[in-house]
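Asks: Below is the structure I would like to discuss, written out as structure tokens.
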Amino acid sequence: MGAAPIGPKVTMDAADLDHLRHAITISEAARATGNDPFGAILVDATGQVVAKAENTIRTDRDVTAHAETNLVRIASAQWSPEELVSHTLYSSCEPCAMCSGAIFWAGIGKVAFALSVEGLMEFFDKRPDAPLHQLGSRRLLTSQDGITVVGPALEDEAARAHVGFWTQ
């Protein structure tokens, strides 16, 4: 797996990779409960995990219940945008257009993701009507918006939760 870079290359440190692995673990738990395999965590400026969420679109019967959107709902109920600017959202997969919008409006200052949209697309056929919009956070969230987006990283690890899932 490997997506072409879109913006400037930003490296992740060991703590970032540990947080991404935590999000990947949540994606595996989501799959185990019958949901789509996506997970996200929110980390404050001190490096502490302050919230986590998994995708619940199937169990909640809510097409907007992506892991990142669920996490934004939790976060925005507890912290203001002025507080969230110092937080990082770690996601098992690159946030989609809907989730990117929620992240923007919540005021979260940084997004780090494991599996790229391009990597996720490898699990779908190449039909024009494939059930996935290919516009991800790297194209939607910018430093001009005050948001740093880094990724992909650990794509092979993140991809494992998707193997066999989309062909069921």
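Here's how to read the names in the structure tokens: chain A, B, ... by the order shown, residue numbers from 1 in each chain, ligand numbers from 1 in the order shown.
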Tell me which protein, DNA and RNA residues are within 12 Å of Gln144 (chain A), counting only C-alpha atoms, leaving out same-chain ones fewer than 5 positions away, and put them as a PyMOL selection string.
Replies: chain A and resi 104+109+149
Asks: Those same residues - C-alpha atoms - I'd like them written as a compact mmCIF listing (two decimals), in the first residue's frame.
Replies:
# COMPACT_ATOMS: atom_id res chain seq x y z
CA PHE A 104 -13.09 21.23 10.77
CA GLY A 109 -5.99 20.96 15.28
CA VAL A 149 -3.02 16.31 8.45
Asks: Excluding same-chain residues fewer than 2 positions from Ala153 (chain A), what lies within 7 Å of it counting only C-alpha atoms, as a PyMOL selection string?
Replies: chain A and resi 113-115+151+155
Asks: Only C-alpha atoms, please: the residues just picked out, written as a short mmCIF file (atom, residue, chain, number, x, y, z; two decimals), in the first residue's frame.
Replies:
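What ended up in result-v7.cif:
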data_model
loop_
_atom_site.label_atom_id
_atom_site.label_comp_id
_atom_site.auth_asym_id
_atom_site.auth_seq_id
_atom_site.Cartn_x
_atom_site.Cartn_y
_atom_site.Cartn_z
CA PHE A 113 -4.34 8.47 9.93
CA ALA A 114 -3.13 4.99 9.08
CA LEU A 115 -4.80 3.63 5.92
CA GLY A 151 -0.51 10.11 7.04
CA GLU A 155 -1.12 1.04 6.15
#
Asks: Among chain A, which residues does DSSP mark as strand (DSSP E or B) when it is run on the backbone? Keep the chain and numbering as in the structure and answer as a PyMOL selection string.
Replies: chain A and resi 39-43+49-54+88-93+110-115+148-150
Asks: May I have the residues from that selection written out with N, CA, C and O atoms, as an mmCIF file, in the first residue's frame?
Replies:
data_model
loop_
_atom_site.group_PDB
_atom_site.id
_atom_site.type_symbol
_atom_site.label_atom_id
_atom_site.label_comp_id
_atom_site.auth_asym_id
_atom_site.auth_seq_id
_atom_site.Cartn_x
_atom_site.Cartn_y
_atom_site.Cartn_z
ATOM 1 N N GLY A 39 -11.855 2.972 13.401
ATOM 2 C CA GLY A 39 -11.749 3.416 14.781
ATOM 3 C C GLY A 39 -10.980 4.719 14.869
ATOM 4 O O GLY A 39 -10.174 5.039 13.991
ATOM 5 N N ALA A 40 -11.223 5.473 15.941
ATOM 6 C CA ALA A 40 -10.553 6.767 16.123
ATOM 7 C C ALA A 40 -10.391 7.057 17.607
ATOM 8 O O ALA A 40 -11.203 6.618 18.434
ATOM 9 N N ILE A 41 -9.331 7.794 17.918
ATOM 10 C CA ILE A 41 -9.118 8.267 19.282
ATOM 11 C C ILE A 41 -8.773 9.751 19.237
ATOM 12 O O ILE A 41 -8.301 10.262 18.217
ATOM 13 N N LEU A 42 -9.005 10.416 20.353
ATOM 14 C CA LEU A 42 -8.656 11.822 20.505
ATOM 15 C C LEU A 42 -7.632 11.927 21.620
ATOM 16 O O LEU A 42 -7.821 11.378 22.712
ATOM 17 N N VAL A 43 -6.537 12.637 21.333
ATOM 18 C CA VAL A 43 -5.431 12.776 22.270
ATOM 19 C C VAL A 43 -5.238 14.258 22.561
ATOM 20 O O VAL A 43 -5.230 15.081 21.636
ATOM 21 N N VAL A 49 -4.994 9.981 25.965
ATOM 22 C CA VAL A 49 -6.207 9.646 25.219
ATOM 23 C C VAL A 49 -7.386 10.134 26.046
ATOM 24 O O VAL A 49 -7.548 9.740 27.203
ATOM 25 N N VAL A 50 -8.209 11.014 25.460
ATOM 26 C CA VAL A 50 -9.334 11.587 26.201
ATOM 27 C C VAL A 50 -10.688 11.115 25.676
ATOM 28 O O VAL A 50 -11.707 11.323 26.331
ATOM 29 N N ALA A 51 -10.696 10.484 24.502
ATOM 30 C CA ALA A 51 -11.946 9.953 23.954
ATOM 31 C C ALA A 51 -11.614 8.942 22.867
ATOM 32 O O ALA A 51 -10.543 8.999 22.260
ATOM 33 N N LYS A 52 -12.540 8.026 22.644
ATOM 34 C CA LYS A 52 -12.370 7.065 21.562
ATOM 35 C C LYS A 52 -13.741 6.685 21.034
ATOM 36 O O LYS A 52 -14.757 6.804 21.738
ATOM 37 N N ALA A 53 -13.752 6.252 19.772
ATOM 38 C CA ALA A 53 -15.025 5.879 19.143
ATOM 39 C C ALA A 53 -14.765 4.909 18.007
ATOM 40 O O ALA A 53 -13.702 4.930 17.385
ATOM 41 N N GLU A 54 -15.752 4.085 17.758
ATOM 42 C CA GLU A 54 -15.688 3.188 16.612
ATOM 43 C C GLU A 54 -16.830 3.513 15.671
ATOM 44 O O GLU A 54 -17.775 4.227 16.024
ATOM 45 N N THR A 88 -5.294 16.038 18.942
ATOM 46 C CA THR A 88 -5.055 15.285 17.711
ATOM 47 C C THR A 88 -6.047 14.145 17.620
ATOM 48 O O THR A 88 -6.243 13.399 18.589
ATOM 49 N N LEU A 89 -6.674 14.017 16.465
ATOM 50 C CA LEU A 89 -7.550 12.891 16.176
ATOM 51 C C LEU A 89 -6.728 11.875 15.396
ATOM 52 O O LEU A 89 -6.181 12.196 14.349
ATOM 53 N N TYR A 90 -6.621 10.667 15.940
ATOM 54 C CA TYR A 90 -5.931 9.560 15.273
ATOM 55 C C TYR A 90 -6.988 8.621 14.737
ATOM 56 O O TYR A 90 -7.891 8.210 15.471
ATOM 57 N N SER A 91 -6.871 8.262 13.462
ATOM 58 C CA SER A 91 -7.867 7.421 12.829
ATOM 59 C C SER A 91 -7.212 6.231 12.143
ATOM 60 O O SER A 91 -6.124 6.347 11.581
ATOM 61 N N SER A 92 -7.910 5.108 12.168
ATOM 62 C CA SER A 92 -7.407 3.914 11.494
ATOM 63 C C SER A 92 -7.388 4.086 9.980
ATOM 64 O O SER A 92 -6.679 3.369 9.286
ATOM 65 N N CYS A 93 -8.160 5.023 9.480
ATOM 66 C CA CYS A 93 -8.255 5.254 8.040
ATOM 67 C C CYS A 93 -8.427 6.752 7.790
ATOM 68 O O CYS A 93 -8.969 7.470 8.635
ATOM 69 N N LYS A 110 -5.238 18.726 14.683
ATOM 70 C CA LYS A 110 -4.376 17.800 13.941
ATOM 71 C C LYS A 110 -5.102 16.487 13.714
ATOM 72 O O LYS A 110 -5.825 16.014 14.594
ATOM 73 N N VAL A 111 -4.871 15.905 12.548
ATOM 74 C CA VAL A 111 -5.412 14.603 12.195
ATOM 75 C C VAL A 111 -4.246 13.734 11.732
ATOM 76 O O VAL A 111 -3.433 14.169 10.917
ATOM 77 N N ALA A 112 -4.171 12.527 12.257
ATOM 78 C CA ALA A 112 -3.186 11.544 11.808
ATOM 79 C C ALA A 112 -3.954 10.269 11.464
ATOM 80 O O ALA A 112 -4.855 9.865 12.200
ATOM 81 N N PHE A 113 -3.602 9.659 10.343
ATOM 82 C CA PHE A 113 -4.341 8.470 9.928
ATOM 83 C C PHE A 113 -3.397 7.384 9.448
ATOM 84 O O PHE A 113 -2.273 7.638 9.036
ATOM 85 N N ALA A 114 -3.908 6.153 9.494
ATOM 86 C CA ALA A 114 -3.129 4.986 9.081
ATOM 87 C C ALA A 114 -3.388 4.666 7.604
ATOM 88 O O ALA A 114 -2.570 4.985 6.753
ATOM 89 N N LEU A 115 -4.500 4.076 7.282
ATOM 90 C CA LEU A 115 -4.804 3.633 5.918
ATOM 91 C C LEU A 115 -5.325 4.800 5.084
ATOM 92 O O LEU A 115 -6.261 5.490 5.487
ATOM 93 N N THR A 148 -3.457 20.412 10.762
ATOM 94 C CA THR A 148 -2.363 19.620 10.210
ATOM 95 C C THR A 148 -2.880 18.213 9.963
ATOM 96 O O THR A 148 -3.527 17.621 10.833
ATOM 97 N N VAL A 149 -2.617 17.680 8.780
ATOM 98 C CA VAL A 149 -3.017 16.314 8.450
ATOM 99 C C VAL A 149 -1.760 15.531 8.114
ATOM 100 O O VAL A 149 -0.977 15.951 7.258
ATOM 101 N N VAL A 150 -1.557 14.407 8.804
ATOM 102 C CA VAL A 150 -0.405 13.552 8.536
ATOM 103 C C VAL A 150 -0.860 12.118 8.303
ATOM 104 O O VAL A 150 -1.800 11.646 8.919
#
Asks: Show me, as a list in words, the residues that have an atom within 7 Å of region 72-75 of chain A when counting only C-alpha atoms, minus same-chain residues fewer than 6 positions from it.
Replies: Ala102, Ile103 and Ala106 of chain A
Asks: Pull the alpha helix (DSSP H) assignments for region 27-166 of chain A out of DSSP run on the backbone, and list those residues as an NGL selection string.
Replies: :A and (27-32 or 67-78 or 81-84 or 97-106 or 117-121 or 137-140 or 155-159)
Asks: Tell me which of A:Gln48, A:Ser80, A:Asn55, A:Thr142 sits closest to Glu68 (chain A), counting only C-alpha atoms.
Replies: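 When distances to Glu68 (chain A) are compared using only C-alpha atoms, the smallest one comes from A:Asn55.
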Asks: For a quick check of understanding, using only C-alpha atoms, which of A:Ala29, A:Ile147, A:Ala97, A:Ile108 has the smallest distance to Trp79 (chain A)?
Replies: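 For Trp79 (chain A), the nearest of the candidates is A:Ile108.
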Asks: Record the distance separating CA of Ser76 (chain A) and CA of Ile26 (chain A), expressed in Å with one decimal.
Replies: 20.3 Å
Asks: For Gly107 (chain A), find every residue with an atom within 6 Å (counting only C-alpha atoms), except residues of its own chain fewer than 2 positions away, and show them as a tab-separated table (two decimals) with all heavy atoms, in the first residue's frame.
Replies:
chain	number	residue	atom	x	y	z
A	81	PRO	N	-14.03	24.62	20.56
A	81	PRO	CA	-13.04	24.64	19.48
A	81	PRO	C	-11.69	25.23	19.92
A	81	PRO	O	-10.64	24.76	19.48
A	81	PRO	CB	-13.70	25.50	18.40
A	81	PRO	CG	-15.16	25.34	18.64
A	81	PRO	CD	-15.29	25.24	20.15
A	84	LEU	N	-10.04	22.33	21.57
A	84	LEU	CA	-9.75	21.21	20.68
A	84	LEU	C	-8.63	21.49	19.69
A	84	LEU	O	-8.06	20.55	19.12
A	84	LEU	CB	-11.02	20.80	19.93
A	84	LEU	CG	-12.06	20.07	20.79
A	84	LEU	CD1	-13.36	19.90	20.03
A	84	LEU	CD2	-11.51	18.73	21.26
A	85	VAL	N	-8.27	22.75	19.50
A	85	VAL	CA	-7.19	23.06	18.56
A	85	VAL	C	-5.87	22.42	18.99
A	85	VAL	O	-5.02	22.12	18.15
A	85	VAL	CB	-7.05	24.59	18.37
A	85	VAL	CG1	-6.42	25.25	19.60
A	85	VAL	CG2	-6.26	24.90	17.12
A	104	PHE	N	-13.29	19.80	11.00
A	104	PHE	CA	-13.09	21.23	10.77
A	104	PHE	C	-13.97	22.06	11.71
A	104	PHE	O	-13.50	22.96	12.39
A	104	PHE	CB	-13.40	21.57	9.31
A	104	PHE	CG	-13.42	23.04	9.04
A	104	PHE	CD1	-12.25	23.73	8.79
A	104	PHE	CD2	-14.63	23.73	9.02
A	104	PHE	CE1	-12.27	25.10	8.54
A	104	PHE	CE2	-14.66	25.10	8.77
A	104	PHE	CZ	-13.48	25.79	8.53
A	105	TRP	N	-15.27	21.75	11.75
A	105	TRP	CA	-16.20	22.54	12.55
A	105	TRP	C	-15.96	22.37	14.04
A	105	TRP	O	-16.20	23.30	14.82
A	105	TRP	CB	-17.65	22.23	12.18
A	105	TRP	CG	-17.98	22.78	10.84
A	105	TRP	CD1	-18.24	22.06	9.70
A	105	TRP	CD2	-18.03	24.15	10.46
A	105	TRP	NE1	-18.45	22.91	8.65
A	105	TRP	CE2	-18.33	24.21	9.08
A	105	TRP	CE3	-17.85	25.36	11.15
A	105	TRP	CZ2	-18.46	25.40	8.39
A	105	TRP	CZ3	-17.98	26.55	10.45
A	105	TRP	CH2	-18.28	26.56	9.08
Asks: CA of Glu157 (chain A) to CA of Thr11 (chain A): how many Å, to one decimal?
Replies: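 CA of Thr11 (chain A) lies at a distance of 17.5 Å from CA of Glu157 (chain A).
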Asks: Expressed in Å to a single decimal, how great is the separation between CA of Ala161 (chain A) and CA of Glu28 (chain A)?
Replies: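 Separating CA of Ala161 (chain A) from CA of Glu28 (chain A) is a distance of 5.5 Å.
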